[in-house]
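Enquirer: My structure file entry17.cif, mmCIF, C-alpha atoms, is below:
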```cif
data_model
#
loop_
_atom_site.label_atom_id
_atom_site.label_comp_id
_atom_site.auth_asym_id
_atom_site.auth_seq_id
_atom_site.Cartn_x
_atom_site.Cartn_y
_atom_site.Cartn_z
CA MET A 1 58.54 118.03 34.49
CA ASP A 2 60.63 119.81 37.10
CA LEU A 3 60.05 118.97 40.76
CA LYS A 4 58.38 122.25 41.69
CA LYS A 5 55.86 121.98 38.87
CA MET A 6 55.19 118.36 39.78
CA PHE A 7 54.56 119.28 43.41
CA GLY A 8 52.32 122.14 42.26
CA VAL A 9 50.17 119.83 40.13
CA ALA A 10 49.85 117.38 43.00
CA ALA A 11 48.84 120.17 45.38
CA CYS A 12 46.16 121.40 42.98
CA ALA A 13 44.74 117.89 42.65
CA ILE A 14 44.51 117.52 46.43
CA LEU A 15 42.80 120.90 46.81
CA ALA A 16 40.31 120.07 44.07
CA ALA A 17 39.45 116.81 45.78
CA CYS A 18 38.67 118.71 48.95
CA GLY A 19 36.03 120.88 47.27
CA ASP A 20 35.80 124.45 45.99
CA ASP A 21 35.60 126.30 49.31
CA SER A 22 38.24 128.99 48.77
CA SER A 23 38.11 129.90 52.46
CA ASN A 24 39.96 126.63 53.09
CA ASP A 25 42.56 127.24 50.37
CA PRO A 26 45.94 127.78 52.02
CA LEU A 27 47.10 129.70 48.98
CA THR A 28 44.21 132.18 48.67
CA GLY A 29 42.07 131.89 51.78
CA PRO A 30 42.43 133.58 55.18
CA GLY A 31 45.93 133.25 56.56
CA ALA A 32 47.40 132.55 53.12
CA THR A 33 51.20 132.64 53.07
CA ASP A 34 52.94 135.09 50.77
CA THR A 35 55.16 132.90 48.60
CA THR A 36 57.07 135.83 47.09
CA ILE A 37 60.80 135.28 47.50
CA GLU A 38 62.47 138.15 49.31
CA ALA A 39 65.24 139.89 47.40
CA LEU A 40 68.76 139.80 48.79
CA ALA A 41 69.66 143.27 50.03
CA GLU A 42 72.85 145.01 48.97
CA CYS A 43 75.44 144.85 51.71
CA THR A 44 77.33 147.63 53.46
CA ALA A 45 80.78 148.37 52.08
CA PRO A 46 83.40 148.54 54.86
CA ALA A 47 85.61 151.62 54.88
CA PHE A 48 88.58 151.55 52.56
CA LEU A 49 91.98 151.42 54.20
CA LYS A 50 94.43 154.26 54.66
CA GLU A 51 98.10 154.45 55.56
CA GLY A 52 98.81 152.88 58.93
CA ASP A 53 95.56 150.93 59.22
CA LYS A 54 95.77 147.51 60.84
CA VAL A 55 95.10 144.25 58.99
CA ALA A 56 94.52 141.04 60.94
CA LEU A 57 96.06 137.78 59.72
CA VAL A 58 93.91 134.80 60.74
CA SER A 59 93.71 131.09 59.92
CA PRO A 60 90.05 129.94 59.84
CA SER A 61 90.80 126.59 58.19
CA TYR A 62 94.00 124.61 57.77
CA THR A 63 97.27 125.61 59.38
CA THR A 64 99.86 127.77 57.63
CA PRO A 65 103.63 127.79 58.20
CA ASP A 66 104.73 130.71 60.36
CA SER A 67 107.27 131.69 57.71
CA ASN A 68 104.48 132.33 55.18
CA ILE A 69 102.54 134.45 57.64
CA GLN A 70 105.63 136.49 58.46
CA LYS A 71 106.37 137.04 54.76
CA THR A 72 102.84 138.31 54.22
CA ALA A 73 103.15 140.56 57.28
CA ASP A 74 106.22 142.10 55.65
CA VAL A 75 104.28 142.66 52.41
CA LEU A 76 101.47 144.37 54.32
CA LYS A 77 104.04 146.72 55.85
CA GLU A 78 105.31 147.53 52.36
CA TRP A 79 101.73 148.35 51.39
CA GLY A 80 101.56 150.83 54.27
CA PHE A 81 99.46 148.70 56.63
CA GLU A 82 100.20 147.37 60.11
CA PRO A 83 99.82 143.57 60.35
CA VAL A 84 98.25 142.03 63.44
CA ILE A 85 98.83 138.26 63.61
CA GLY A 86 96.09 136.25 65.33
CA LYS A 87 97.22 134.72 68.60
CA ASN A 88 96.09 131.21 67.60
CA VAL A 89 97.55 130.93 64.08
CA ASP A 90 100.40 128.72 65.32
CA LYS A 91 98.05 126.16 66.86
CA LEU A 92 97.50 122.72 65.38
CA ASP A 93 94.45 120.50 65.83
CA ALA A 94 93.66 117.11 64.28
CA GLY A 95 96.90 117.33 62.33
CA LYS A 96 95.54 119.93 59.88
CA TYR A 97 93.42 122.66 61.47
CA ALA A 98 94.98 125.88 62.75
CA GLY A 99 93.66 125.19 66.22
CA THR A 100 90.25 124.10 67.43
CA ALA A 101 87.16 125.58 65.86
CA GLN A 102 86.76 127.88 68.88
CA GLU A 103 90.39 129.04 68.71
CA ARG A 104 90.07 129.81 65.01
CA ALA A 105 86.79 131.64 65.59
CA ASP A 106 88.30 133.55 68.51
CA ASP A 107 90.91 135.15 66.25
CA ILE A 108 88.18 136.42 63.92
CA ILE A 109 86.04 137.59 66.84
CA ALA A 110 89.01 139.45 68.32
CA ALA A 111 89.68 141.14 64.98
CA LEU A 112 86.04 142.17 64.65
CA LYS A 113 85.97 143.65 68.15
CA ASP A 114 89.23 145.57 67.72
CA THR A 115 88.17 148.93 66.30
CA SER A 116 91.70 149.68 65.10
CA ILE A 117 91.66 146.67 62.74
CA LYS A 118 90.13 147.56 59.38
CA ALA A 119 90.50 144.33 57.39
CA ILE A 120 90.88 140.60 58.00
CA LEU A 121 93.15 138.65 55.65
CA THR A 122 92.89 134.87 55.84
CA ASN A 123 96.09 132.86 55.65
CA ARG A 124 94.78 129.92 53.63
CA GLY A 125 91.78 127.74 52.91
CA GLY A 126 91.67 123.98 52.98
CA TYR A 127 88.76 122.96 55.15
CA GLY A 128 87.21 123.96 58.47
CA SER A 129 85.49 127.33 58.06
CA ILE A 130 82.06 125.70 58.15
CA GLN A 131 82.83 124.76 61.78
CA LEU A 132 82.93 128.47 62.65
CA ALA A 133 79.53 129.44 61.26
CA ASP A 134 77.71 128.99 64.60
CA LEU A 135 80.54 130.44 66.68
CA ILE A 136 80.58 133.99 65.26
CA ASP A 137 77.67 136.26 66.15
CA PRO A 138 76.24 137.78 62.94
CA LYS A 139 75.43 140.96 64.90
CA LEU A 140 79.13 141.33 65.65
CA VAL A 141 79.86 141.15 61.92
CA LYS A 142 77.08 143.60 61.09
CA ASP A 143 78.07 146.12 63.77
CA ASN A 144 81.76 146.00 62.82
CA PRO A 145 81.92 146.01 59.02
CA LYS A 146 85.43 145.06 57.87
CA TRP A 147 86.86 143.67 54.67
CA LEU A 148 87.34 139.92 55.00
CA ILE A 149 89.58 138.50 52.28
CA GLY A 150 90.09 134.95 51.01
CA TYR A 151 88.80 132.27 48.68
CA SER A 152 88.30 128.50 48.48
CA ASP A 153 87.14 127.31 51.94
CA ILE A 154 86.72 130.98 52.95
CA THR A 155 83.58 130.91 50.79
CA THR A 156 81.73 129.98 54.00
CA LEU A 157 82.85 133.21 55.66
CA HIS A 158 81.81 135.23 52.61
CA ALA A 159 78.30 133.81 53.01
CA MET A 160 78.44 134.68 56.71
CA GLN A 161 79.41 138.27 55.88
CA THR A 162 76.76 138.61 53.17
CA LYS A 163 74.08 137.19 55.47
CA ALA A 164 75.08 139.78 58.09
CA GLY A 165 74.88 142.54 55.46
CA VAL A 166 78.60 143.24 54.99
CA MET A 167 80.60 143.03 51.77
CA SER A 168 83.77 140.93 51.59
CA ILE A 169 86.50 140.20 49.05
CA HIS A 170 86.95 136.88 47.27
CA GLY A 171 90.65 137.11 46.56
CA THR A 172 94.19 135.97 47.14
CA MET A 173 95.31 134.88 50.61
CA SER A 174 98.38 135.07 52.79
CA SER A 175 99.91 131.82 51.50
CA SER A 176 99.79 133.05 47.91
CA ILE A 177 100.99 136.55 48.75
CA ALA A 178 103.97 135.06 50.59
CA LYS A 179 104.92 132.97 47.56
CA THR A 180 104.98 135.96 45.21
CA GLY A 181 106.08 138.70 47.57
CA GLY A 182 102.86 140.53 46.82
CA THR A 183 104.05 141.71 43.40
CA ASP A 184 101.67 139.67 41.23
CA ASP A 185 98.48 141.09 39.70
CA ASN A 186 96.25 139.25 42.15
CA SER A 187 97.97 140.95 45.08
CA THR A 188 98.44 144.44 43.66
CA ILE A 189 94.83 144.71 42.46
CA LEU A 190 93.70 143.55 45.92
CA ARG A 191 95.96 146.16 47.53
CA ASP A 192 94.51 148.89 45.33
CA LEU A 193 90.95 147.73 46.02
CA LEU A 194 91.54 147.89 49.77
CA LYS A 195 92.75 151.46 49.28
CA GLY A 196 89.61 152.44 47.34
CA GLU A 197 90.36 151.69 43.68
CA VAL A 198 87.39 149.65 42.48
CA PRO A 199 88.01 147.54 39.36
CA THR A 200 85.72 147.11 36.39
CA TYR A 201 86.81 143.97 34.57
CA LYS A 202 86.81 143.45 30.82
CA VAL A 203 86.81 139.73 30.00
CA PRO A 204 87.52 138.13 26.59
CA LYS A 205 84.73 136.38 24.73
CA HIS A 206 84.19 132.71 25.51
CA LYS A 207 82.47 130.10 23.38
CA TYR A 208 80.19 129.02 26.23
CA ASN A 209 78.99 132.53 27.11
CA GLN A 210 75.30 133.36 27.04
CA LYS A 211 74.66 136.92 25.95
CA GLY A 212 72.70 139.42 28.00
CA THR A 213 72.85 141.96 30.79
CA ALA A 214 71.95 141.43 34.44
CA GLU A 215 72.26 143.13 37.80
CA GLY A 216 72.17 141.53 41.21
CA ILE A 217 74.02 140.81 44.44
CA LEU A 218 77.16 138.75 43.97
CA VAL A 219 77.25 135.49 45.96
CA GLY A 220 78.94 132.12 45.66
CA GLY A 221 82.54 130.97 45.36
CA ASN A 222 83.91 127.46 45.64
CA MET A 223 81.12 125.03 44.78
CA ALA A 224 82.09 122.27 47.22
CA THR A 225 82.06 124.90 49.98
CA PHE A 226 78.86 126.85 49.25
CA VAL A 227 76.54 124.03 48.17
CA PRO A 228 76.36 122.59 51.74
CA LEU A 229 75.31 126.06 52.97
CA VAL A 230 72.02 125.99 51.04
CA GLY A 231 69.26 125.67 53.63
CA SER A 232 71.56 126.65 56.51
CA ASP A 233 71.42 129.75 58.74
CA ILE A 234 73.84 131.51 56.39
CA ASP A 235 72.03 130.59 53.19
CA VAL A 236 72.18 133.62 50.87
CA PHE A 237 71.36 131.60 47.77
CA GLN A 238 67.59 131.26 48.14
CA LYS A 239 67.02 135.00 47.94
CA ASP A 240 65.91 136.67 44.74
CA GLY A 241 68.13 138.90 42.64
CA ILE A 242 71.51 137.19 42.89
CA ILE A 243 74.44 136.86 40.53
CA LEU A 244 75.96 133.44 41.17
CA PHE A 245 79.73 132.95 40.94
CA MET A 246 81.10 129.41 40.80
CA GLU A 247 84.62 127.95 40.68
CA GLU A 248 86.22 124.64 41.59
CA ILE A 249 89.46 122.65 41.71
CA GLY A 250 90.21 118.94 41.78
CA GLU A 251 86.57 117.82 41.63
CA ASN A 252 85.64 115.46 38.81
CA LEU A 253 82.84 116.35 36.44
CA ARG A 254 80.47 113.94 38.13
CA ASN A 255 80.83 115.79 41.45
CA ILE A 256 80.42 119.18 39.78
CA ASP A 257 77.30 117.84 38.05
CA ARG A 258 75.96 116.59 41.39
CA MET A 259 76.57 119.94 43.09
CA PHE A 260 74.90 121.94 40.34
CA ASN A 261 71.88 119.65 40.29
CA SER A 262 71.69 119.98 44.06
CA ILE A 263 71.32 123.75 43.91
CA GLU A 264 68.74 123.33 41.15
CA LEU A 265 66.69 120.96 43.34
CA HIS A 266 66.84 123.51 46.15
CA GLY A 267 65.35 126.14 43.83
CA VAL A 268 68.43 128.34 43.83
CA MET A 269 68.49 128.88 40.07
CA GLU A 270 65.02 130.43 40.18
CA ASN A 271 66.60 133.39 42.02
CA VAL A 272 69.66 133.77 39.78
CA LYS A 273 69.74 136.73 37.38
CA GLY A 274 73.14 135.88 35.92
CA VAL A 275 76.03 133.45 36.31
CA ILE A 276 79.79 133.95 36.41
CA LEU A 277 81.87 130.84 35.85
CA GLY A 278 85.38 131.24 37.23
CA GLU A 279 88.28 128.83 36.94
CA PHE A 280 87.61 125.09 36.94
CA VAL A 281 91.00 123.48 37.51
CA ASP A 282 91.72 119.76 37.11
CA SER A 283 88.05 118.85 36.66
CA GLY A 284 88.84 115.41 35.26
CA THR A 285 87.57 113.51 32.25
CA ASP A 286 85.13 111.09 33.88
CA LEU A 287 82.28 112.36 31.69
CA ASP A 288 82.40 113.02 27.97
CA TYR A 289 82.56 116.82 28.09
CA GLU A 290 85.33 119.07 26.89
CA SER A 291 85.37 120.90 30.21
CA ALA A 292 83.32 121.78 33.28
CA GLU A 293 82.17 124.93 31.47
CA ALA A 294 80.95 122.83 28.55
CA MET A 295 78.92 120.64 30.89
CA LEU A 296 77.47 123.49 32.95
CA SER A 297 76.57 125.46 29.84
CA GLN A 298 74.24 122.61 28.82
CA TYR A 299 72.28 123.11 32.03
CA LEU A 300 72.37 126.90 31.89
CA LYS A 301 70.96 127.09 28.34
CA LYS A 302 67.43 126.56 29.66
CA TYR A 303 67.66 129.73 31.77
CA ASP A 304 67.12 133.06 30.07
CA ILE A 305 70.05 134.68 31.86
CA PRO A 306 73.52 135.89 30.84
CA VAL A 307 76.43 133.57 31.57
CA LEU A 308 79.97 134.98 31.76
CA CYS A 309 82.50 132.17 31.34
CA GLY A 310 86.23 132.15 31.96
CA PHE A 311 86.41 134.87 34.59
CA PRO A 312 89.93 134.62 36.10
CA ALA A 313 89.07 133.97 39.73
CA GLY A 314 89.55 130.78 41.68
CA HIS A 315 92.34 128.24 41.88
CA ASP A 316 94.51 129.22 38.96
CA ASP A 317 97.45 131.56 38.41
CA VAL A 318 95.25 134.61 37.96
CA ASN A 319 92.79 134.99 40.84
CA LEU A 320 91.39 138.51 40.65
CA PRO A 321 89.58 140.05 43.62
CA ILE A 322 85.79 140.35 43.39
CA VAL A 323 83.46 141.87 45.97
CA MET A 324 80.92 139.47 47.43
CA GLY A 325 77.66 140.97 48.66
CA ALA A 326 78.03 143.94 46.31
CA LYS A 327 75.55 144.89 43.64
CA VAL A 328 77.17 144.03 40.33
CA LYS A 329 76.34 144.32 36.66
CA ILE A 330 77.44 141.80 34.07
CA ASP A 331 77.21 142.56 30.38
CA VAL A 332 77.93 139.61 28.07
CA GLY A 333 78.19 140.42 24.37
CA ASP A 334 79.60 139.11 21.13
CA ASP A 335 83.05 140.63 21.67
CA GLY A 336 83.47 139.93 25.37
CA SER A 337 82.05 140.76 28.77
CA THR A 338 82.30 143.26 31.59
CA LEU A 339 81.86 142.90 35.33
CA ALA A 340 81.26 146.15 37.23
CA PHE A 341 80.72 146.78 40.95
CA ASP A 342 78.26 149.37 42.23
CA ILE A 343 80.59 150.58 44.99
CA ASP A 344 81.77 154.11 45.75
CA GLY A 345 85.45 154.64 45.06
CA ASP A 346 87.88 155.43 42.29
CA LYS A 347 87.07 153.33 39.25
CA LYS A 348 89.69 151.52 37.18
CA THR A 349 89.08 149.37 34.10
CA ILE A 350 91.19 146.22 33.95
CA ASP A 351 91.45 144.18 30.76
CA THR A 352 91.91 140.65 32.08
CA ASP A 353 93.23 139.44 28.74
CA LYS A 354 96.26 141.72 29.11
CA LEU A 355 97.35 140.51 32.53
CA THR A 356 100.75 139.00 31.97
CA GLU A 357 102.12 138.88 35.47
CA LYS A 358 101.50 135.30 36.58
CA THR A 359 101.79 134.05 40.11
CA SER A 360 103.39 130.82 38.89
CA LEU A 361 101.98 128.84 41.77
CA SER A 362 102.26 125.10 41.23
CA LYS A 363 99.08 123.09 40.72
CA ALA A 364 100.11 121.06 43.77
CA LEU A 365 100.17 124.23 45.88
CA LEU A 366 96.84 125.37 44.46
CA LYS A 367 95.31 122.02 45.37
CA MET A 368 96.89 122.26 48.81
CA LEU A 369 95.29 125.67 49.33
CA ALA A 370 91.96 124.16 48.32
CA GLY A 371 92.36 121.32 50.81
CA LYS A 372 92.51 118.63 48.13
CA ILE A 373 95.95 117.67 49.41
CA PHE A 374 97.78 118.73 52.53
CA LYS A 375 101.46 119.24 53.12
CA LEU A 376 102.49 121.06 56.26
CA GLU A 377 105.84 122.04 54.76
CA GLU A 378 104.09 124.10 52.09
#
```
Kindly present the structure from the file in structure tokens form.
Expert:
Amino acid sequence: MDLKKMFGVAACAILAACGDDSSNDPLTGPGATDTTIEALAECTAPAFLKEGDKVALVSPSYTTPDSNIQKTADVLKEWGFEPVIGKNVDKLDAGKYAGTAQERADDIIAALKDTSIKAILTNRGGYGSIQLADLIDPKLVKDNPKWLIGYSDITTLHAMQTKAGVMSIHGTMSSSIAKTGGTDDNSTILRDLLKGEVPTYKVPKHKYNQKGTAEGILVGGNMATFVPLVGSDIDVFQKDGIILFMEEIGENLRNIDRMFNSIELHGVMENVKGVILGEFVDSGTDLDYESAEAMLSQYLKKYDIPVLCGFPAGHDDVNLPIVMGAKVKIDVGDDGSTLAFDIDGDKKTIDTDKLTEKTSLSKALLKMLAGKIFKLEE
């Protein structure tokens, strides 16, 4: 019996022992609490960028070499944007962080307050964004809607944006753009999205898919980053009507199992209308499963929801941009799946199976970006 049902049975037994006076029943009597779970509202889409708009480059987590930031600034200029480098990105704290938590938060706050800045591109992940959650006023985010872009540890900031009612982009970061010169698919699709070209993704069939169609608000990201947010002030996972996206790198299957069971125990899966499983890189072989997707599919079978497996987002060569906080529709069928965003803009269908332009980032670099290893020279 699952925990919620067990607690419900126990509660009924206690109420019965107290007699049949419904006026004393906390569920039906005077002052009863409405237990209906509130639906997560669709977020505001920031304005798309135009020629000459400013894009802030900030480092909310681990430090990034100045050379990488400068290379990305040059790419942004090629895209027609004006880069604005955060004043604290060259700081170093505790040997890894790009400055103290307040210094890292200050660069984001400054970018939000600057009305000429239209988007905020993070330089890399690693670890540390969770330290900023209480330092950035959600009203400031809400009143100044801007595209915030990143993945991995930046998952925390996506939850912050969604909680404040503003969409954001789970996508490639400065460190990756610098490595490829911004010519890879991850970067060019992000560039086009920022300019108003909204992708609809076609995804090949996958043996662990669960067929069906669902609509909801897209939340999630890196599992090790979003699971600790459940129950926090920026918890967007215990709202009804969500599509949950999950990806991971360098975590063994036991840890992935623990994280998934944790969100189940918190009741998150009761609010999930559909699941998107992104890339699970270097998940290990500590349990007898073919892959992380194979293991997770065993748990997801008991839910009558569509599951889209193998979406190319996360810590692998192809890391396509997806819009967090947006209303999305997933359609999982026999021949493949689609992911569509309910956002105004020019629509473009992208067949993910035909993307041939790889970023060729090393697995060591991908792990470094995720914070699993750290090398300053990277």
Enquirer: What is the atom CA of A:Asp342 to atom CA of A:Val198 distance in Å?
Expert: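 Result for atom CA of A:Asp342 versus atom CA of A:Val198: 9.1 Å, one decimal.
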Enquirer: Could you write out as a list in words the residues that the PyMOL selection byres ((chain A and resi 77) around 12) matches in the shown file?
Expert: Glu51, Gly52, Asp53, Lys54, Val55, Gln70, Lys71, Thr72, Ala73, Asp74, Val75, Leu76, Glu78, Trp79, Gly80, Phe81, Glu82, Pro83, Val84, Gly181, Gly182 and Arg191 of chain A
Enquirer: Keeping only C-alpha atoms, write the selected residues as a PDB file, in the frame of the given file.
Expert:
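After the write, result_37.pdb holds the following:
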```pdb
ATOM      1  CA  GLU A  51      98.100 154.450  55.560  1.00  0.00           C
ATOM      2  CA  GLY A  52      98.810 152.880  58.930  1.00  0.00           C
ATOM      3  CA  ASP A  53      95.560 150.930  59.220  1.00  0.00           C
ATOM      4  CA  LYS A  54      95.770 147.510  60.840  1.00  0.00           C
ATOM      5  CA  VAL A  55      95.100 144.250  58.990  1.00  0.00           C
ATOM      6  CA  GLN A  70     105.630 136.490  58.460  1.00  0.00           C
ATOM      7  CA  LYS A  71     106.370 137.040  54.760  1.00  0.00           C
ATOM      8  CA  THR A  72     102.840 138.310  54.220  1.00  0.00           C
ATOM      9  CA  ALA A  73     103.150 140.560  57.280  1.00  0.00           C
ATOM     10  CA  ASP A  74     106.220 142.100  55.650  1.00  0.00           C
ATOM     11  CA  VAL A  75     104.280 142.660  52.410  1.00  0.00           C
ATOM     12  CA  LEU A  76     101.470 144.370  54.320  1.00  0.00           C
ATOM     13  CA  GLU A  78     105.310 147.530  52.360  1.00  0.00           C
ATOM     14  CA  TRP A  79     101.730 148.350  51.390  1.00  0.00           C
ATOM     15  CA  GLY A  80     101.560 150.830  54.270  1.00  0.00           C
ATOM     16  CA  PHE A  81      99.460 148.700  56.630  1.00  0.00           C
ATOM     17  CA  GLU A  82     100.200 147.370  60.110  1.00  0.00           C
ATOM     18  CA  PRO A  83      99.820 143.570  60.350  1.00  0.00           C
ATOM     19  CA  VAL A  84      98.250 142.030  63.440  1.00  0.00           C
ATOM     20  CA  GLY A 181     106.080 138.700  47.570  1.00  0.00           C
ATOM     21  CA  GLY A 182     102.860 140.530  46.820  1.00  0.00           C
ATOM     22  CA  ARG A 191      95.960 146.160  47.530  1.00  0.00           C
TER      23      ARG A 191
END
```
Enquirer: Up to 8 Å from (78.8, 135.3, 22.9) in the file's coordinates: name the residues, counting all atoms listed in the file, as a list in words.
Expert: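 Residues close enough to count: Lys205, His206, Lys207, Tyr208, Asn209, Gln210, Lys211, Val332, Gly333, Asp334, Asp335 and Gly336 of chain A.
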Enquirer: Print the selection's residues with C-alpha atoms to a file, as a CSV table (one decimal), keeping the file's coordinate frame.
Expert:
```
chain,number,residue,atom,x,y,z
A,205,LYS,CA,84.7,136.4,24.7
A,206,HIS,CA,84.2,132.7,25.5
A,207,LYS,CA,82.5,130.1,23.4
A,208,TYR,CA,80.2,129.0,26.2
A,209,ASN,CA,79.0,132.5,27.1
A,210,GLN,CA,75.3,133.4,27.0
A,211,LYS,CA,74.7,136.9,26.0
A,332,VAL,CA,77.9,139.6,28.1
A,333,GLY,CA,78.2,140.4,24.4
A,334,ASP,CA,79.6,139.1,21.1
A,335,ASP,CA,83.0,140.6,21.7
A,336,GLY,CA,83.5,139.9,25.4
```
Enquirer: Which residues are near stretch 157-165 of chain A? Cut-off 9 Å, all atoms listed in the file, ignore same chain within fewer than 3 positions. Put them as a ChimeraX atom specification.
Expert: /A:40-45,60,129-130,132-133,136,138-142,145,148-151,153-154,168-170,219-221,226,229,233-237,324-326
Enquirer: Using only C-alpha atoms, which residue out of A:Gly267, A:Asn222, A:Ala214, A:Ser283 lies closest to A:Lys239?
Expert: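 Of all the options, A:Gly267 lies closest to A:Lys239.
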Enquirer: Rank nothing, just name the residue among A:Pro321, A:Gly345, A:Gly128, A:Gly274 nearest to A:Leu190, using only C-alpha atoms.
Expert: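 Of the candidates, the smallest distance to A:Leu190 is held by A:Pro321.
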Enquirer: Hey, which of A:Asp114, A:Asp257, A:Asp184, A:Asp192 ends up closest to A:Ala294? Count only C-alpha atoms.
Expert: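 Checking each candidate against A:Ala294, we get A:Asp257 as the closest.
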Enquirer: Between A:Leu253, A:Ala47, A:Ala292, A:Met259, which has the minimum distance to A:Ala119 (counting all atoms listed in the file)?
Expert: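 Of A:Leu253, A:Ala47, A:Ala292, A:Met259, the one nearest A:Ala119, counting all atoms listed in the file, is A:Ala47.
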Enquirer: In terms of the shortest atom-to-atom distance over all atoms listed in the file, which of A:Lys91, A:Lys273, A:Lys179, A:Lys146 is closest to A:Gly241?
Expert: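 Under the stated criterion, the closest residue is A:Lys273.
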Enquirer: Would you work out the distance separating atom CA of A:Glu197 from atom CA of A:Met246, expressed in Å to one decimal?
Expert: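 Atom-to-atom, atom CA of A:Glu197 to atom CA of A:Met246, that is 24.3 Å.
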Enquirer: Using the chain letters and numbers from this file, what does the PyMOL selection byres ((chain A and resi 90) around 12) select? Give the answer as a PyMOL selection string.
Expert: chain A and resi 57-60+62-70+85-89+91-93+96-100+103-104+107+123
Enquirer: Which residue out of A:Ile177, A:Ala101, A:Leu296, A:Val272 has the minimum interatomic distance to A:Leu244 when all atoms listed in the file are used?
Expert: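 Closest to A:Leu244 of all the choices is A:Val272.
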Enquirer: Could you state the separation of atom CA of A:Tyr289 and atom CA of A:Thr213 in Å, given to one decimal place?
Expert: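 It comes out at 27.1 Å.
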Enquirer: Within 9 Å of (88.1, 147.8, 42.4), in the coordinates the file gives, what residues turn up when you count all atoms listed in the file, written out as a list in words?
Expert: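 The distance filter leaves exactly Ile189, Leu190, Asp192, Leu193, Leu194, Gly196, Glu197, Val198, Pro199, Thr200, Tyr201, Pro321, Ile322, Val323, Ala340, Phe341, Ile343, Gly345, Asp346, Lys347, Lys348 and Thr349 of chain A.
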Enquirer: Residues picked by the PyMOL selection byres ((chain A and resi 251) around 9) here, as a list in words?
Expert: Ala224, Glu248, Ile249, Gly250, Asn252, Leu253, Arg254, Asn255, Ile256, Phe280, Val281, Asp282, Ser283, Gly284 and Lys372 of chain A
Enquirer: So that I can check the surroundings of A:Leu339, please list as JSON, numbers by chain every protein, DNA and RNA residue that reaches within 7 Å of it, counting only C-alpha atoms and ignoring chain neighbours fewer than 6 positions away.
Expert: {"A": [200, 201, 202, 328, 329, 330, 331]}
Enquirer: Take every atom of stretch 147-152 of chain A listed in the file, fit an axis-aligned box around them, add 5 Å per side, and give the centre and edge lengths in Å to one decimal as AutoDock Vina command-line options.
Expert:
```
--center_x 88.5 --center_y 136.1 --center_z 51.7 --size_x 13.2 --size_y 25.2 --size_z 16.5
```
